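Reviewing the structure listed below.
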Amino acid sequence: MLTRKQFMRAAAVTGVPLLLQACSGAADEAGYASAVQQVWHPAEGRHSASGDSLALRQELVRYATLAPSSHNTQCWKFHPGQTAIEVMPDFSRRCPAVDPDDHHLFVSLGCATENLVQAALANGLATDVRFDARSLQTSIALTATRPVASDLFRAIPERQSTRTEFDGQKVSNAHLRLLEQAGTGPGVHVILLTEKAAIEKILAYVLAGNTAQLNDAAFMSELRRWVRFNGADAVRTGDGLYSVSSGSPSVPDWLGSLLFGLLMTPQRENDKYARQIHSSAGVAIFVSAANDPAHWVETGRCYQRFALQATALGIRNAMLNQPVEVAALRPQLASHLGLDPASRPDLVLRFGYGPKMPVSLRRPLQSVLA
């Protein structure tokens with residue numbers, strides 16, 4: 001995404017004074033602020049205390065939708081039944097250029113599943129999660145239990161993917177152990193790298209992947225379709241990547257598209273990623289024991305617990321998935337990490353301490369109910 005400094009430089013270089021006028025004309029973000037409140041911090045007491053009420057089950061789905069998804073596509077559907085909630089893929093919202101095998105889509109479903117599990121326990125419902133490889137659906141059975149509102153549950157409305165520079169502060173060993181524990185599950189483990197030399201090697205893979213993607217016309221076209229350059233567009237769609245969350249100015253869509261093509265270059269983006277990684281406390285790499293949708297869903301659950309635990313500890317994170325998204329680089333990264341040939345490096349991310357940024361929005365609940 002373009003920065004304010006890059007935006008001003010582009011205005012000067014192109015010699016179009018109307019750029020600045022257009023920018024100031026897009027300054028009304030009141031609707032966005034109101035939508036953020038509705039999505040992330042709704043009024044208390046929205047649902048019934050009854051553990052089998054439809055209102056409560058829909059509230060659990062709302063918590064599930066606060067999970068991250070690739071390009072914030074929100075590629076899920078939910079069916080809140082009497083004794084179980086079904087989580088289903090919405091293939092109409094897939095991203096074939098960046099995610100041709102739907103790996104990220106199923107990871108996103110795992111993230112939503114974990115949010116729902118945490119919210120269910122906080123509302124007095126134990127869960128039994130089962131993934132069906134034939135239907136590609138996840139069933140979450142619900143039974144009454146003692147309510148436990150964990151730190152991870154309380155972190156759900158505060159979690160975000162923070163795509164900006166961090167402050168370089170180290171994370172303590174005690175907190176690293178908590179992150180590792182949260183990010184581990186059946187058939188999935190997380191590798192935490194905090195030494196400079198190890199991080200620099202991952203940076204090289206990130207830059208190689210980023211260069212390949214930004215030189216891929218299909219990738220760029222797909223990415224552009226999911227970018228929201230101002231609050232009005234973000235509110236209208238309820239999805240996508242809100243560019244202001246990355247520190248870019250709010251601009252009309254036509255101007256954002258123009259500057260996207262002008263400034264989204266490999267060199268600029270590589271420089272940005274290098275600064276961001278150098279400002280981070282470490283890099284985390286999630287690895288699954290097998291390359292199939294069941295493990296991808298489990299990876300999503302593990303990552304979401306990691307992200308929620310990080311949020312509870314005041315630690316930010318942001319994805320660096322280029323090395324696992326570019327097919328030619330993924331086996332090279334696996335070899336570098338010394339992984340078993342059957343396993344797959346699923347996710348790469350950086351973590352550290354940094355500021356809270358504007359958050360992304362979500363679509364209305366009714367749009368994801370099946």
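Labels for the structure tokens follow display order: chains A, B, ..., residues from 1 in each chain, ligands from 1.
Assigned to alpha helix (DSSP H) in range 167-200 of chain A, given DSSP computed from backbone atoms, are A:Asn173, A:Ala174, A:His175, A:Leu176, A:Arg177, A:Leu178, A:Leu179, A:Glu180, A:Gln181, A:Ala182, A:Lys196, A:Ala197, A:Ala198, A:Ile199, A:Glu200.
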Which residues of range 23-116 of chain A sit at most 9 Å from range 339-363 of chain A, using only C-alpha atoms? Give each one's shortest atom pair and distance in Å (one decimal place), in chain and ascending residue order, as a Markdown table.
```
| residue | atom | partner | partner_atom | distance |
| --- | --- | --- | --- | --- |
| A:Tyr32 | CA | A:Leu361 | CA | 8.5 |
| A:Ala35 | CA | A:Leu361 | CA | 7.3 |
| A:Val36 | CA | A:Leu361 | CA | 6.4 |
| A:Val39 | CA | A:Arg362 | CA | 6.6 |
| A:Trp40 | CA | A:Leu361 | CA | 8.3 |
| A:Thr65 | CA | A:Arg362 | CA | 7.2 |
| A:Leu66 | CA | A:Arg362 | CA | 7.3 |
| A:Asn72 | CA | A:Ser360 | CA | 7.8 |
| A:Gln74 | CA | A:Arg362 | CA | 7.7 |
| A:His103 | CA | A:Asp346 | CA | 8.2 |
| A:His104 | CA | A:Asp346 | CA | 8.5 |
| A:Val107 | CA | A:Asp346 | CA | 8.7 |
```
For this session: Pick out the residues sitting within 12 Å of range 215-220 of chain A, and hand them over as a PyMOL selection string; count only C-alpha atoms, and ignore anything fewer than 2 positions along from it in its own chain.
Result: chain A and resi 71+95-100+208-213+222-227+257+260-261+264-267+269+322+325-326
Go through range 256-365 of chain A residue by residue and, counting only C-alpha atoms, keep those with an atom at most 10 Å from range 167-184 of chain A; for each kept residue give the shortest atom pair and its distance in Å to one decimal, ordered by chain and increasing number, as a tab-separated table.
```
residue	atom	partner	partner_atom	distance
A:Gln276	CA	A:Asp167	CA	9.4
A:Ile277	CA	A:Gly168	CA	9.2
A:His278	CA	A:Gly168	CA	7.4
A:Ser279	CA	A:Gly168	CA	4.5
A:Ser280	CA	A:Gly168	CA	5.2
A:Ala281	CA	A:Lys170	CA	5.0
A:Gly282	CA	A:Lys170	CA	8.0
A:Ala284	CA	A:Glu180	CA	9.1
A:Ile285	CA	A:Gly183	CA	9.8
A:Phe286	CA	A:Gly183	CA	7.8
A:Val287	CA	A:Thr184	CA	9.5
A:Ser288	CA	A:Thr184	CA	9.8
A:Glu298	CA	A:Thr184	CA	9.4
A:Thr299	CA	A:Gly183	CA	8.4
A:Gly300	CA	A:Gly183	CA	9.4
A:Arg301	CA	A:Gly183	CA	8.2
A:Cys302	CA	A:Gly183	CA	4.5
A:Tyr303	CA	A:Gly183	CA	5.6
A:Gln304	CA	A:Gly183	CA	7.8
A:Arg305	CA	A:Ala182	CA	5.3
A:Phe306	CA	A:Gly183	CA	4.8
A:Ala307	CA	A:Leu179	CA	8.3
A:Leu308	CA	A:Ala182	CA	8.7
A:Gln309	CA	A:Leu179	CA	6.4
A:Ala310	CA	A:Leu179	CA	6.6
A:Leu313	CA	A:His175	CA	7.6
A:Ile315	CA	A:Val171	CA	8.3
A:Phe351	CA	A:Val171	CA	8.9
A:Gly352	CA	A:Gln169	CA	6.9
A:Tyr353	CA	A:Asp167	CA	5.8
A:Gly354	CA	A:Asp167	CA	5.7
A:Pro355	CA	A:Asp167	CA	8.8
```
Okay, now the selection with N, CA and C atoms, as a JSON list (two decimals), in the first residue's frame?
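Result went into again-v1.json, see below:
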```json
[["chain", "number", "residue", "atom", "x", "y", "z"],
["A", 276, "GLN", "N", 9.86, -3.28, 7.81],
["A", 276, "GLN", "CA", 8.92, -3.89, 8.75],
["A", 276, "GLN", "C", 9.52, -5.10, 9.46],
["A", 277, "ILE", "N", 10.21, -5.94, 8.71],
["A", 277, "ILE", "CA", 10.81, -7.13, 9.31],
["A", 277, "ILE", "C", 11.93, -6.75, 10.26],
["A", 278, "HIS", "N", 12.74, -5.76, 9.87],
["A", 278, "HIS", "CA", 13.83, -5.33, 10.75],
["A", 278, "HIS", "C", 13.31, -4.68, 12.03],
["A", 279, "SER", "N", 12.08, -4.18, 12.01],
["A", 279, "SER", "CA", 11.50, -3.56, 13.20],
["A", 279, "SER", "C", 10.81, -4.57, 14.10],
["A", 280, "SER", "N", 10.73, -5.83, 13.67],
["A", 280, "SER", "CA", 9.96, -6.85, 14.39],
["A", 280, "SER", "C", 10.82, -7.60, 15.40],
["A", 281, "ALA", "N", 10.15, -8.19, 16.37],
["A", 281, "ALA", "CA", 10.85, -8.98, 17.38],
["A", 281, "ALA", "C", 11.20, -10.37, 16.87],
["A", 282, "GLY", "N", 10.44, -10.86, 15.91],
["A", 282, "GLY", "CA", 10.71, -12.20, 15.41],
["A", 282, "GLY", "C", 9.80, -12.58, 14.27],
["A", 284, "ALA", "N", 7.44, -15.97, 12.81],
["A", 284, "ALA", "CA", 6.83, -17.26, 13.14],
["A", 284, "ALA", "C", 6.44, -17.97, 11.85],
["A", 285, "ILE", "N", 6.72, -19.27, 11.78],
["A", 285, "ILE", "CA", 6.38, -20.07, 10.62],
["A", 285, "ILE", "C", 5.56, -21.26, 11.09],
["A", 286, "PHE", "N", 4.32, -21.36, 10.58],
["A", 286, "PHE", "CA", 3.45, -22.48, 10.94],
["A", 286, "PHE", "C", 3.63, -23.60, 9.93],
["A", 287, "VAL", "N", 3.76, -24.82, 10.44],
["A", 287, "VAL", "CA", 4.04, -25.99, 9.61],
["A", 287, "VAL", "C", 3.03, -27.08, 9.94],
["A", 288, "SER", "N", 2.42, -27.67, 8.90],
["A", 288, "SER", "CA", 1.51, -28.79, 9.12],
["A", 288, "SER", "C", 2.16, -30.09, 8.66],
["A", 298, "GLU", "N", -6.72, -26.92, 10.72],
["A", 298, "GLU", "CA", -6.04, -26.96, 12.03],
["A", 298, "GLU", "C", -4.98, -25.87, 12.12],
["A", 299, "THR", "N", -4.27, -25.61, 11.01],
["A", 299, "THR", "CA", -3.30, -24.51, 11.00],
["A", 299, "THR", "C", -4.00, -23.19, 11.32],
["A", 300, "GLY", "N", -5.17, -22.97, 10.74],
["A", 300, "GLY", "CA", -5.91, -21.75, 11.03],
["A", 300, "GLY", "C", -6.28, -21.64, 12.49],
["A", 301, "ARG", "N", -6.68, -22.74, 13.09],
["A", 301, "ARG", "CA", -7.00, -22.71, 14.52],
["A", 301, "ARG", "C", -5.76, -22.37, 15.35],
["A", 302, "CYS", "N", -4.65, -22.99, 14.99],
["A", 302, "CYS", "CA", -3.41, -22.73, 15.74],
["A", 302, "CYS", "C", -2.96, -21.28, 15.57],
["A", 303, "TYR", "N", -3.01, -20.79, 14.33],
["A", 303, "TYR", "CA", -2.61, -19.40, 14.12],
["A", 303, "TYR", "C", -3.52, -18.45, 14.89],
["A", 304, "GLN", "N", -4.83, -18.73, 14.89],
["A", 304, "GLN", "CA", -5.74, -17.82, 15.58],
["A", 304, "GLN", "C", -5.48, -17.80, 17.08],
["A", 305, "ARG", "N", -5.19, -18.96, 17.67],
["A", 305, "ARG", "CA", -4.84, -18.97, 19.10],
["A", 305, "ARG", "C", -3.56, -18.17, 19.32],
["A", 306, "PHE", "N", -2.58, -18.34, 18.42],
["A", 306, "PHE", "CA", -1.34, -17.56, 18.50],
["A", 306, "PHE", "C", -1.65, -16.07, 18.45],
["A", 307, "ALA", "N", -2.47, -15.65, 17.50],
["A", 307, "ALA", "CA", -2.79, -14.24, 17.34],
["A", 307, "ALA", "C", -3.55, -13.70, 18.54],
["A", 308, "LEU", "N", -4.47, -14.49, 19.09],
["A", 308, "LEU", "CA", -5.22, -14.04, 20.26],
["A", 308, "LEU", "C", -4.33, -13.98, 21.49],
["A", 309, "GLN", "N", -3.45, -14.97, 21.65],
["A", 309, "GLN", "CA", -2.51, -14.94, 22.77],
["A", 309, "GLN", "C", -1.59, -13.74, 22.63],
["A", 310, "ALA", "N", -1.11, -13.47, 21.43],
["A", 310, "ALA", "CA", -0.26, -12.31, 21.20],
["A", 310, "ALA", "C", -1.00, -11.03, 21.57],
["A", 313, "LEU", "N", -1.17, -10.37, 25.14],
["A", 313, "LEU", "CA", 0.12, -9.96, 25.69],
["A", 313, "LEU", "C", 0.58, -8.60, 25.16],
["A", 315, "ILE", "N", 1.11, -7.93, 21.96],
["A", 315, "ILE", "CA", 2.02, -8.17, 20.83],
["A", 315, "ILE", "C", 1.21, -8.15, 19.53],
["A", 351, "PHE", "N", 6.16, -10.69, 14.20],
["A", 351, "PHE", "CA", 5.47, -10.25, 15.42],
["A", 351, "PHE", "C", 6.36, -9.28, 16.18],
["A", 352, "GLY", "N", 5.74, -8.50, 17.03],
["A", 352, "GLY", "CA", 6.46, -7.51, 17.82],
["A", 352, "GLY", "C", 5.50, -6.51, 18.44],
["A", 353, "TYR", "N", 6.04, -5.43, 18.93],
["A", 353, "TYR", "CA", 5.23, -4.42, 19.59],
["A", 353, "TYR", "C", 5.08, -3.20, 18.68],
["A", 354, "GLY", "N", 3.85, -2.72, 18.55],
["A", 354, "GLY", "CA", 3.62, -1.59, 17.67],
["A", 354, "GLY", "C", 2.27, -0.96, 17.93],
["A", 355, "PRO", "N", 1.92, 0.07, 17.16],
["A", 355, "PRO", "CA", 0.67, 0.80, 17.39],
["A", 355, "PRO", "C", -0.54, 0.05, 16.86]]
```
Exercise. Taking only C-alpha atoms into account, which of A:Gly338, A:Gly31, A:Pro252, A:Pro80 comes nearest Ala370 in chain A?
Worked result: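 Of A:Gly338, A:Gly31, A:Pro252, A:Pro80, the one nearest Ala370 in chain A, counting only C-alpha atoms, is A:Pro80.
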